[in-house]
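All remarks here apply to the structure that follows.
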Amino acid sequence: MIPLLIAQFGIVLFVFVMLLSSAAVMVLFERKLAARLQQRFGPYLVGPWGSLQPLADVIKLMFKEELRPAAADAVLFTLAPIISVTAAFTAFAVVPFGAETTLFGLIDEPLRLQVADVNVAILVIFAVASMSVYGIVLAGWSSNNKYSLLGGLRASAQMISYELSYGLSLAAVLLVANSLSLSDIVNGQSGTWLGFIPRWYVFLQPIGFLVYMTAGIAETNRAPFDFPEAEQELVAGYHTEYSSMSFAMFFMAEYINMVTVSAVATDLFLGGWHGPFLPESLGWIWFLVKVGAILFFYVWTRWTLPRYRYDQLMAFGWKVLLPVSVLNLIATAAMVLYFGL
Amino acid sequence: MTLFYVFGAVAVTASLLVIAQRNPIHSVLLLIASFGALSGLYVTLDAPFVAVIQIIVYAGAIMVLFLFVVMLLNASQETTEEDLERRGAPGSPAATPGLKVFGALLALALVVELVWALTRASVGGDFGEGSVSSVAAIGRTLFTDYAFPFEVTSVLILVAMVGAVVLARRGTPGDA
């Protein structure tokens, strides 16, 4: 029998390692999928099916020289990628990814597959997302490079604008769920309506889900909203001056943020680990399937839609997405009040 | 209690460093660190909601605006007293000799006010056991007992915003 504390540490370590490797897996997944969408093969030389390509990339990045522009602000230049990657890892701490388990009888008390069950989990995710802006802004500013600065400014303007819609779509879900804790929200989605429709909040909050997914793309700075690093205009945006592992940290943060946004979407809208055919204890398989499906959707979107213009992005965020999410919130509140959901 | 000292030390040190920095961007970041430490203190006081709101509102939203303004104004180095004196700029201590005295008087007034307020402040309200940690309880209190102050505060902020827009606007209305 393993004491609960050690099991808890085990989960922390597990989540950390899984997030690290998820970044590597996502890089390969994205490159392979992008290649298939463009009728190419993608990486196929390193390892079977190109599966060792991320490892080769990591080794290459580690042996690159760490460069810093002479006029850069040394402290902030070093700090910026650390902030980015820390925020990315922190956000996942409150995301539950499976039902309570005893790990096949290894521990006495059932343990929730989650690093920390905070009762304000949704707000924690929101807070950490607002912290991750600093990594990008500081990277852009401290590089002392016009492209970096523009990229950083664009990133922060974009993230601040879309954070509002993101937050309001989360608020609509918590009205329906009547809880701020993610594990309570997932547990509220067990069972079915009429015997075959799963009680997922995506059916109660279809508009909220769309707003969340759109704002999620903008929050993670992905195409078609990847202005911070629009290569035709800004070289590489905020990380133009970064090389070696500090560049890798930004890269990793971007992919981990994608995974977190997908995992939160799964917990909020797609019923988390609940699903048919599998027992509760194997619910994490459903969780992985759903997160994988959303990540596939993200990659698919990236290679389908061209990048918008910057003013279009801002106009869309403030004049379409925000009013829609406000109306959705008001309508949800009225429905909850009327039907007493 | 150990956590209290850790977070308290971080908050105090960061706040002191805020005013000791030459570079305003570093000041902004240290202020964020101080807010983070305050948020940690709220968690130890069993008020996770307040802690998270502290991060979202202050460290997240307001400080990003600060950072923006500082970056866009490109105020990379503080203008020192000697610079102003050399240039004889209006508003420098050289141009207005009474300024230092006035500043000292203001600081004194602030200290007196703080001492007066802190010695008379009533610590602990009638919120009841465990209610600070419950979002529902905070919401209910805010929208029933404290609804009027809450709304007045929001009107106050709105007035400040309108004022800023009016001041920033150049020319007569209609040419914009």
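Following the order of the structure tokens, first chain is A, next is B, and so on, with residues numbered from 1 inside each chain and ligands from 1 in the order they appear.
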
Inset, instruction - Give me the residues within 10 Å of A:Ile83 as a PyMOL selection string, counting only C-alpha atoms and dropping any in the same chain fewer than 4 places off. - result: chain A and resi 76+78-79+87-88+131-136+138-139+249-250+253

I need the chosen residues saved as a short mmCIF file (atom, residue, chain, number, x, y, z; two decimals), in the first residue's frame, with N, CA and C atoms.
```cif
data_model
loop_
_atom_site.label_atom_id
_atom_site.label_comp_id
_atom_site.auth_asym_id
_atom_site.auth_seq_id
_atom_site.Cartn_x
_atom_site.Cartn_y
_atom_site.Cartn_z
N LEU A 76 15.09 40.30 -18.19
CA LEU A 76 13.75 40.00 -18.72
C LEU A 76 13.84 39.06 -19.91
N THR A 78 15.82 36.61 -20.27
CA THR A 78 15.92 35.25 -19.74
C THR A 78 14.62 34.84 -19.07
N LEU A 79 13.97 35.80 -18.41
CA LEU A 79 12.78 35.48 -17.62
C LEU A 79 11.57 35.16 -18.49
N ALA A 87 3.60 29.25 -16.80
CA ALA A 87 2.15 29.45 -16.85
C ALA A 87 1.48 28.28 -17.57
N ALA A 88 2.12 27.80 -18.64
CA ALA A 88 1.53 26.69 -19.40
C ALA A 88 1.39 25.45 -18.51
N MET A 131 -1.82 35.43 -16.91
CA MET A 131 -0.40 35.56 -16.57
C MET A 131 0.50 35.24 -17.77
N SER A 132 0.03 34.33 -18.62
CA SER A 132 0.89 33.89 -19.72
C SER A 132 1.11 35.02 -20.73
N VAL A 133 0.28 36.06 -20.70
CA VAL A 133 0.49 37.21 -21.57
C VAL A 133 1.86 37.83 -21.30
N TYR A 134 2.24 37.87 -20.00
CA TYR A 134 3.49 38.54 -19.65
C TYR A 134 4.70 37.93 -20.34
N GLY A 135 4.73 36.60 -20.42
CA GLY A 135 5.87 35.95 -21.06
C GLY A 135 6.08 36.50 -22.45
N ILE A 136 4.98 36.60 -23.21
CA ILE A 136 5.07 37.03 -24.60
C ILE A 136 5.40 38.52 -24.70
N LEU A 138 6.89 40.45 -22.52
CA LEU A 138 8.25 40.74 -22.07
C LEU A 138 9.27 40.25 -23.08
N ALA A 139 9.00 39.09 -23.69
CA ALA A 139 9.91 38.59 -24.72
C ALA A 139 10.01 39.62 -25.83
N MET A 249 11.36 26.67 -25.23
CA MET A 249 10.40 26.87 -24.14
C MET A 249 9.13 27.54 -24.66
N PHE A 250 9.28 28.56 -25.53
CA PHE A 250 8.10 29.19 -26.11
C PHE A 250 7.30 28.19 -26.93
N ALA A 253 5.55 25.87 -24.66
CA ALA A 253 4.43 26.54 -23.99
C ALA A 253 3.23 26.61 -24.92
#
```

Legend entry - Interface, chain A side, toward chain B (9 Å; only C-alpha atoms) as a PyMOL selection string: chain A and resi 76+118-120+123-124+126-131+133-134+137+141+153+156+160+180

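We find atom CA of A:Val336 and atom CA of A:Gln205 to be spaced 12.0 Å apart.
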
Inset, instruction - Quick one: pick out all alpha helix (DSSP H) residues within stretch 37-207 of chain A from a backbone DSSP run and write them as a PyMOL selection string. - result: chain A and resi 37+53-62+74-91+121-142+146-177+182-187+201-204+206-207

Legend entry - Distance query stretch 200-203 of chain A at most 8 Å, only C-alpha atoms, self and fewer than 4 positions along chain excluded, as an MDAnalysis selection string: chainID A and resid 173 189:190 208:209 268:271

Would you save the residues from that selection as a PDB file, in the first residue's frame, using N, CA and C atoms?
```pdb
ATOM      1  N   VAL A 173     -21.072  28.364 -18.603  1.00  0.00           N
ATOM      2  CA  VAL A 173     -21.048  26.964 -18.176  1.00  0.00           C
ATOM      3  C   VAL A 173     -21.211  26.855 -16.670  1.00  0.00           C
ATOM      4  N   GLN A 189     -22.144  16.078 -15.610  1.00  0.00           N
ATOM      5  CA  GLN A 189     -22.425  15.705 -16.989  1.00  0.00           C
ATOM      6  C   GLN A 189     -22.535  14.192 -17.167  1.00  0.00           C
ATOM      7  N   SER A 190     -22.658  13.442 -16.064  1.00  0.00           N
ATOM      8  CA  SER A 190     -22.797  11.996 -16.212  1.00  0.00           C
ATOM      9  C   SER A 190     -24.243  11.666 -16.564  1.00  0.00           C
ATOM     10  N   GLY A 208     -21.888  28.791 -26.429  1.00  0.00           N
ATOM     11  CA  GLY A 208     -20.763  28.912 -25.523  1.00  0.00           C
ATOM     12  C   GLY A 208     -19.576  28.078 -25.991  1.00  0.00           C
ATOM     13  N   PHE A 209     -19.856  26.887 -26.476  1.00  0.00           N
ATOM     14  CA  PHE A 209     -18.793  26.002 -26.961  1.00  0.00           C
ATOM     15  C   PHE A 209     -18.080  26.618 -28.159  1.00  0.00           C
ATOM     16  N   LEU A 268     -15.348  20.900 -19.619  1.00  0.00           N
ATOM     17  CA  LEU A 268     -16.479  21.813 -19.493  1.00  0.00           C
ATOM     18  C   LEU A 268     -17.647  21.427 -20.378  1.00  0.00           C
ATOM     19  N   PHE A 269     -17.345  21.014 -21.604  1.00  0.00           N
ATOM     20  CA  PHE A 269     -18.424  20.871 -22.583  1.00  0.00           C
ATOM     21  C   PHE A 269     -18.669  19.424 -23.018  1.00  0.00           C
ATOM     22  N   LEU A 270     -17.623  18.585 -22.986  1.00  0.00           N
ATOM     23  CA  LEU A 270     -17.773  17.253 -23.586  1.00  0.00           C
ATOM     24  C   LEU A 270     -17.835  16.131 -22.552  1.00  0.00           C
ATOM     25  N   GLY A 271     -18.182  16.503 -21.308  1.00  0.00           N
ATOM     26  CA  GLY A 271     -18.416  15.442 -20.328  1.00  0.00           C
ATOM     27  C   GLY A 271     -17.169  14.807 -19.743  1.00  0.00           C
TER      28      GLY A 271
END
```

Legend entry - Residues near A:Ile285, cut-off 12 Å, only C-alpha atoms, skip fewer than 4 positions along chain, as a ChimeraX atom specification: /A:97-99,272-281,289-292

Write to file, as a CSV table (one decimal), in the first residue's frame, the residues of the selection just made, with C-alpha atoms.
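Final output, out_38.csv:
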```
chain,number,residue,atom,x,y,z
A,97,PHE,CA,-8.5,13.9,-16.3
A,98,GLY,CA,-10.2,10.9,-14.8
A,99,ALA,CA,-12.6,9.6,-12.2
A,272,GLY,CA,-14.8,14.9,-19.3
A,273,TRP,CA,-14.2,11.2,-18.7
A,274,HIS,CA,-17.8,10.2,-19.0
A,275,GLY,CA,-18.7,8.1,-22.0
A,276,PRO,CA,-20.5,5.0,-23.1
A,277,PHE,CA,-19.1,1.4,-23.2
A,278,LEU,CA,-16.2,2.0,-20.7
A,279,PRO,CA,-16.4,1.6,-16.9
A,280,GLU,CA,-15.8,4.7,-14.8
A,281,SER,CA,-12.3,3.6,-13.9
A,289,VAL,CA,-10.0,10.5,-27.1
A,290,LYS,CA,-11.9,13.7,-26.7
A,291,VAL,CA,-8.8,15.8,-26.1
A,292,GLY,CA,-7.2,14.2,-29.2
```

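Residues in contact with A:Tyr147 at up to 8 Å, not including ones fewer than 5 positions away on its chain and judged by only C-alpha atoms, are Gly140, Leu234, Val235, Ala236, Gly237, Tyr238 and Thr240 of chain A.
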
Inset, instruction - Output as a PyMOL selection string all residues of stretch 150-253 of chain A that backbone DSSP marks as strand (DSSP E). - result: chain A and resi 192-193+197-198

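Using only C-alpha atoms for every distance, the candidate list A:Asn257, A:Thr304, A:Ser183, A:Asn328 yields A:Asn257 as the residue closest to A:Phe92.
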
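Comparing A:Glu233, A:Val85, A:Phe339, A:Tyr44 by their smallest distance to A:Gly151, the closest is A:Glu233 (using only C-alpha atoms).
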